[in-house]
Amino acid sequence: DSLAASMKRALCLLRLAVSFLTPLPLGGGMYRGGDLARASVFFPLVGLGIGGAVWGVRLAVLSRTEDALLASLLALFFWVVLTRGLHLDGVADVCDALFGGSGKRERQEILKDPRIGTFGVLGVIFVLGMKGAALLHSESAFSLLLAPAFGRAVALLFGAFFSPFPREVPGLGEEFLGRVPKGAFLGWGGGLCVVSFLVGGWTFTLKTAAGFGIMFTLGKVLSRSFGGLNGDALGAGIEWGEALWLLLLKL
């Protein structure tokens with residue numbers, strides 16, 4: 001009975017992870033405080049599903065039309081739709097706050113502002129441009145399959161090692177940041193390094209490890225600039241992590 005209950009609980013957390021990261025309405029069951037942090041162990045697994053779907057769309061369109069540009073654009077559009085553009089909103093808000101604010105308090109206020117400024121627009125264009133370029137020239141299923149998983153492992157990295165900045169109304173940051181078990185990140189991060197070694201040897205492994213190092217440093221910069229992180233920073237970390245992974249494998 002205890003095993004069945006544990007499996008049922010794990011399935012509920014997996015459904016929560018899927019419903020949180022995609023438009024699929026799989027959430028349900030009794031939600032308890034901290035469940036989002038508990039469900040985070042499944043985030044990279046959901047990322048693998050997203051990567052497989054994006055790669056499948058690109059492959060299907062490419063085999064049908066033999067037009068790499070069209071296949072890449074449609075795959076990129078599908079990628080955005082599959083994640084509801086939720087993380088791109090984080091990219092926009094973080095870029096506006098980071099480059100438009102002059103102090104922690106002002107940057108925090110900009111993060112709360114739903115409007116998007118010039119830096120936010122440029123940030124989104126840059127991320128989508130990076131992904132589009134990688135899709136256009138990518139012939140490797142490996143890079144597309146694992147990019148979303150790497151990005152969501154970055155979310156675990158932020159959630160395990162950084163705390164939310166204080167705010168009057170608790171948000172996603174308080175539910176997730178500082179509450180993700182470090183073992184969840186280390187397990188997935190180590191797993192991605194192992195897979196990288198099996199596919200591309202030490203070169204890919206070092207690139208994967210360097211990617212996590214770069215994203216940890218970026219997290220430190222954001223935390224110092226904002227006095228902590230929030231849900232927007234998590235979304236930006238996912239998007240930047242995906243783009244960074246695709247870039248590193250191209251170098």
# chains A, B, ... in the order shown; residues from 1 in each chain; ligands from 1
$ select_by_dssp --residues "segment 38-239 of chain A" --states "alpha helix (DSSP H)" --output "MDAnalysis selection string"
chainID A and resid 38:39 43:65 68:82 86:100 104:112 118:137 141:161 172:176 182:226 231:239
$ residues_around --residues "Leu186 of chain A" --least-positions-apart "6" --cutoff "10 Å" --atoms "only C-alpha atoms" --output "PyMOL selection string"
chain A and resi 153+156-157+160+192
$ residues_around --residues "segment 243-247 of chain A" --least-positions-apart "4" --cutoff "9 Å" --atoms "only C-alpha atoms" --output "ChimeraX atom specification"
/A:127-128,130-131,134-135,138,143-144,146-147,150-151,207-208,211,214-215,238-239,251
$ closest_residue --among "A:Phe142, A:Phe78, A:Phe176, A:Phe20" --to "Leu234 of chain A" --atoms "only C-alpha atoms"
A:Phe176
$ residues_around --residues "Val41 of chain A" --least-positions-apart "5" --cutoff "12 Å" --atoms "only C-alpha atoms" --output "ChimeraX atom specification"
/A:10-11,13-18,35-36,46-47,149,152-157,159-160,176,179-189
$ write_last_selection --atoms "N, CA, C and O atoms" --output "compact mmCIF listing (two decimals), in the first residue's frame"
# COMPACT_ATOMS: atom_id res chain seq x y z
N ALA A 10 4.01 10.34 -6.73
CA ALA A 10 4.99 10.72 -7.75
C ALA A 10 4.30 11.07 -9.06
O ALA A 10 4.70 12.02 -9.75
N LEU A 11 3.25 10.32 -9.41
CA LEU A 11 2.51 10.62 -10.64
C LEU A 11 1.82 11.97 -10.55
O LEU A 11 1.80 12.72 -11.54
N LEU A 13 2.89 14.52 -8.83
CA LEU A 13 3.93 15.54 -8.96
C LEU A 13 4.39 15.67 -10.41
O LEU A 13 4.68 16.78 -10.89
N LEU A 14 4.46 14.55 -11.13
CA LEU A 14 4.81 14.59 -12.55
C LEU A 14 3.76 15.35 -13.33
O LEU A 14 4.08 16.18 -14.19
N ARG A 15 2.50 15.11 -13.04
CA ARG A 15 1.42 15.83 -13.71
C ARG A 15 1.49 17.32 -13.40
O ARG A 15 1.25 18.17 -14.27
N LEU A 16 1.84 17.65 -12.17
CA LEU A 16 2.00 19.06 -11.80
C LEU A 16 3.13 19.70 -12.59
O LEU A 16 2.99 20.83 -13.08
N ALA A 17 4.24 18.98 -12.74
CA ALA A 17 5.37 19.51 -13.50
C ALA A 17 4.99 19.75 -14.96
O ALA A 17 5.33 20.77 -15.54
N VAL A 18 4.26 18.80 -15.54
CA VAL A 18 3.85 18.93 -16.95
C VAL A 18 2.89 20.10 -17.11
O VAL A 18 3.03 20.92 -18.03
N ASP A 35 4.71 21.69 -3.07
CA ASP A 35 4.63 20.65 -4.10
C ASP A 35 5.37 21.05 -5.38
O ASP A 35 5.89 20.19 -6.09
N LEU A 36 5.40 22.34 -5.68
CA LEU A 36 6.10 22.76 -6.88
C LEU A 36 7.59 22.45 -6.77
O LEU A 36 8.20 21.98 -7.74
N VAL A 46 10.38 16.48 -18.17
CA VAL A 46 9.42 17.19 -19.04
C VAL A 46 10.18 17.88 -20.17
O VAL A 46 9.71 17.90 -21.32
N GLY A 47 11.35 18.41 -19.85
CA GLY A 47 12.17 19.04 -20.87
C GLY A 47 12.56 18.07 -21.98
O GLY A 47 12.59 18.44 -23.16
N ALA A 149 15.91 20.06 -21.57
CA ALA A 149 16.26 19.40 -20.32
C ALA A 149 17.36 20.17 -19.60
O ALA A 149 17.32 20.34 -18.37
N ARG A 152 15.88 23.28 -17.98
CA ARG A 152 15.12 23.02 -16.76
C ARG A 152 16.01 22.50 -15.63
O ARG A 152 15.67 22.65 -14.46
N ALA A 153 17.17 21.95 -15.98
CA ALA A 153 18.16 21.65 -14.95
C ALA A 153 18.74 22.95 -14.38
O ALA A 153 19.09 23.02 -13.20
N VAL A 154 18.80 23.98 -15.22
CA VAL A 154 19.22 25.30 -14.73
C VAL A 154 18.21 25.84 -13.72
O VAL A 154 18.57 26.46 -12.72
N ALA A 155 16.92 25.59 -13.98
CA ALA A 155 15.89 25.99 -13.01
C ALA A 155 16.14 25.30 -11.67
O ALA A 155 15.98 25.91 -10.60
N LEU A 156 16.51 24.03 -11.70
CA LEU A 156 16.85 23.32 -10.47
C LEU A 156 18.08 23.94 -9.81
O LEU A 156 18.14 24.05 -8.57
N LEU A 157 19.05 24.31 -10.61
CA LEU A 157 20.25 24.97 -10.09
C LEU A 157 19.89 26.25 -9.35
O LEU A 157 20.34 26.49 -8.21
N GLY A 159 16.93 27.05 -8.16
CA GLY A 159 16.08 26.73 -7.02
C GLY A 159 16.83 26.13 -5.85
O GLY A 159 16.41 26.25 -4.70
N ALA A 160 17.95 25.47 -6.14
CA ALA A 160 18.72 24.81 -5.08
C ALA A 160 19.70 25.74 -4.40
O ALA A 160 19.98 25.59 -3.20
N PHE A 176 9.51 28.08 -4.75
CA PHE A 176 10.50 27.26 -5.46
C PHE A 176 11.94 27.54 -5.04
O PHE A 176 12.69 26.63 -4.70
N ARG A 179 14.23 25.98 -2.11
CA ARG A 179 13.50 24.82 -1.59
C ARG A 179 13.72 23.56 -2.43
O ARG A 179 13.21 22.50 -2.09
N VAL A 180 14.44 23.69 -3.52
CA VAL A 180 14.73 22.53 -4.35
C VAL A 180 15.89 21.76 -3.73
O VAL A 180 16.94 22.35 -3.45
N PRO A 181 15.76 20.46 -3.51
CA PRO A 181 16.88 19.68 -2.96
C PRO A 181 18.10 19.76 -3.87
O PRO A 181 17.99 19.59 -5.09
N LYS A 182 19.26 20.01 -3.28
CA LYS A 182 20.48 20.10 -4.09
C LYS A 182 20.75 18.80 -4.83
O LYS A 182 21.31 18.79 -5.93
N GLY A 183 20.34 17.68 -4.22
CA GLY A 183 20.55 16.40 -4.87
C GLY A 183 19.79 16.28 -6.18
O GLY A 183 20.22 15.56 -7.10
N ALA A 184 18.65 16.97 -6.30
CA ALA A 184 17.87 16.93 -7.55
C ALA A 184 18.68 17.55 -8.68
O ALA A 184 18.75 16.99 -9.79
N PHE A 185 19.30 18.71 -8.41
CA PHE A 185 20.13 19.32 -9.44
C PHE A 185 21.36 18.48 -9.73
O PHE A 185 21.72 18.25 -10.90
N LEU A 186 22.05 18.03 -8.67
CA LEU A 186 23.29 17.28 -8.87
C LEU A 186 23.02 15.98 -9.64
O LEU A 186 23.84 15.57 -10.48
N GLY A 187 21.87 15.35 -9.37
CA GLY A 187 21.54 14.13 -10.09
C GLY A 187 21.32 14.38 -11.57
O GLY A 187 21.89 13.68 -12.42
N TRP A 188 20.51 15.38 -11.88
CA TRP A 188 20.24 15.68 -13.28
C TRP A 188 21.46 16.28 -13.97
O TRP A 188 21.75 15.96 -15.13
N GLY A 189 22.18 17.16 -13.27
CA GLY A 189 23.38 17.74 -13.86
C GLY A 189 24.42 16.68 -14.17
O GLY A 189 25.03 16.67 -15.24
$ atom_distance --atom1 "atom CA of Val57 of chain A" --atom2 "atom CA of Ala75 of chain A"
5.7 Å
$ atom_distance --atom1 "atom CA of Leu177 of chain A" --atom2 "atom CA of Val94 of chain A"
16.1 Å
$ atom_distance --atom1 "atom CA of Leu218 of chain A" --atom2 "atom CA of Val81 of chain A"
26.3 Å
$ decode --residues "segment 25-89 of chain A" --atoms "C-alpha atoms" --output "compact mmCIF listing (two decimals), in the first residue's frame"
# COMPACT_ATOMS: atom_id res chain seq x y z
CA PRO A 25 -4.03 20.46 -18.46
CA LEU A 26 -2.69 17.49 -16.51
CA GLY A 27 -2.64 19.11 -13.08
CA GLY A 28 -5.00 17.77 -10.50
CA GLY A 29 -5.28 16.20 -7.11
CA MET A 30 -4.72 17.77 -3.73
CA TYR A 31 -2.03 20.44 -3.85
CA ARG A 32 0.11 20.91 -0.77
CA GLY A 33 2.49 23.75 0.01
CA GLY A 34 5.93 23.05 -1.44
CA ASP A 35 4.63 20.65 -4.10
CA LEU A 36 6.10 22.76 -6.88
CA ALA A 37 9.56 22.35 -5.40
CA ARG A 38 8.94 18.61 -4.98
CA ALA A 39 7.71 18.34 -8.58
CA SER A 40 10.88 20.04 -9.80
CA VAL A 41 12.69 16.70 -9.86
CA PHE A 42 10.60 15.95 -12.96
CA PHE A 43 11.33 19.27 -14.71
CA PRO A 44 14.23 17.99 -16.86
CA LEU A 45 12.17 14.91 -17.73
CA VAL A 46 9.42 17.19 -19.04
CA GLY A 47 12.17 19.04 -20.87
CA LEU A 48 13.17 15.83 -22.62
CA GLY A 49 9.59 15.47 -23.82
CA ILE A 50 9.55 19.05 -25.09
CA GLY A 51 12.87 18.53 -26.87
CA GLY A 52 11.61 15.36 -28.52
CA ALA A 53 8.45 17.09 -29.71
CA VAL A 54 10.38 20.07 -31.15
CA TRP A 55 12.85 17.78 -32.89
CA GLY A 56 9.97 15.69 -34.24
CA VAL A 57 8.26 18.75 -35.73
CA ARG A 58 11.46 19.93 -37.36
CA LEU A 59 12.19 16.48 -38.77
CA ALA A 60 8.64 16.02 -40.07
CA VAL A 61 8.54 19.39 -41.84
CA LEU A 62 12.07 18.96 -43.21
CA SER A 63 11.31 15.51 -44.61
CA ARG A 64 8.10 16.82 -46.17
CA THR A 65 9.38 20.07 -47.68
CA GLU A 66 13.20 19.76 -47.65
CA ASP A 67 13.19 23.42 -46.59
CA ALA A 68 15.48 23.84 -43.56
CA LEU A 69 14.41 27.44 -42.96
CA LEU A 70 10.71 26.63 -42.90
CA ALA A 71 11.30 23.58 -40.73
CA SER A 72 13.33 25.63 -38.26
CA LEU A 73 10.79 28.46 -38.07
CA LEU A 74 7.88 26.09 -37.51
CA ALA A 75 9.85 24.13 -34.90
CA LEU A 76 10.72 27.36 -33.11
CA PHE A 77 7.08 28.49 -33.19
CA PHE A 78 5.99 25.12 -31.83
CA TRP A 79 8.63 25.40 -29.10
CA VAL A 80 7.21 28.75 -27.98
CA VAL A 81 3.62 27.49 -28.08
CA LEU A 82 4.50 24.34 -26.16
CA THR A 83 5.87 26.46 -23.30
CA ARG A 84 3.17 29.17 -23.59
CA GLY A 85 5.91 31.78 -23.97
CA LEU A 86 5.95 31.82 -20.17
CA HIS A 87 9.72 31.86 -19.83
CA LEU A 88 10.17 34.49 -22.54
CA ASP A 89 8.17 36.86 -20.35
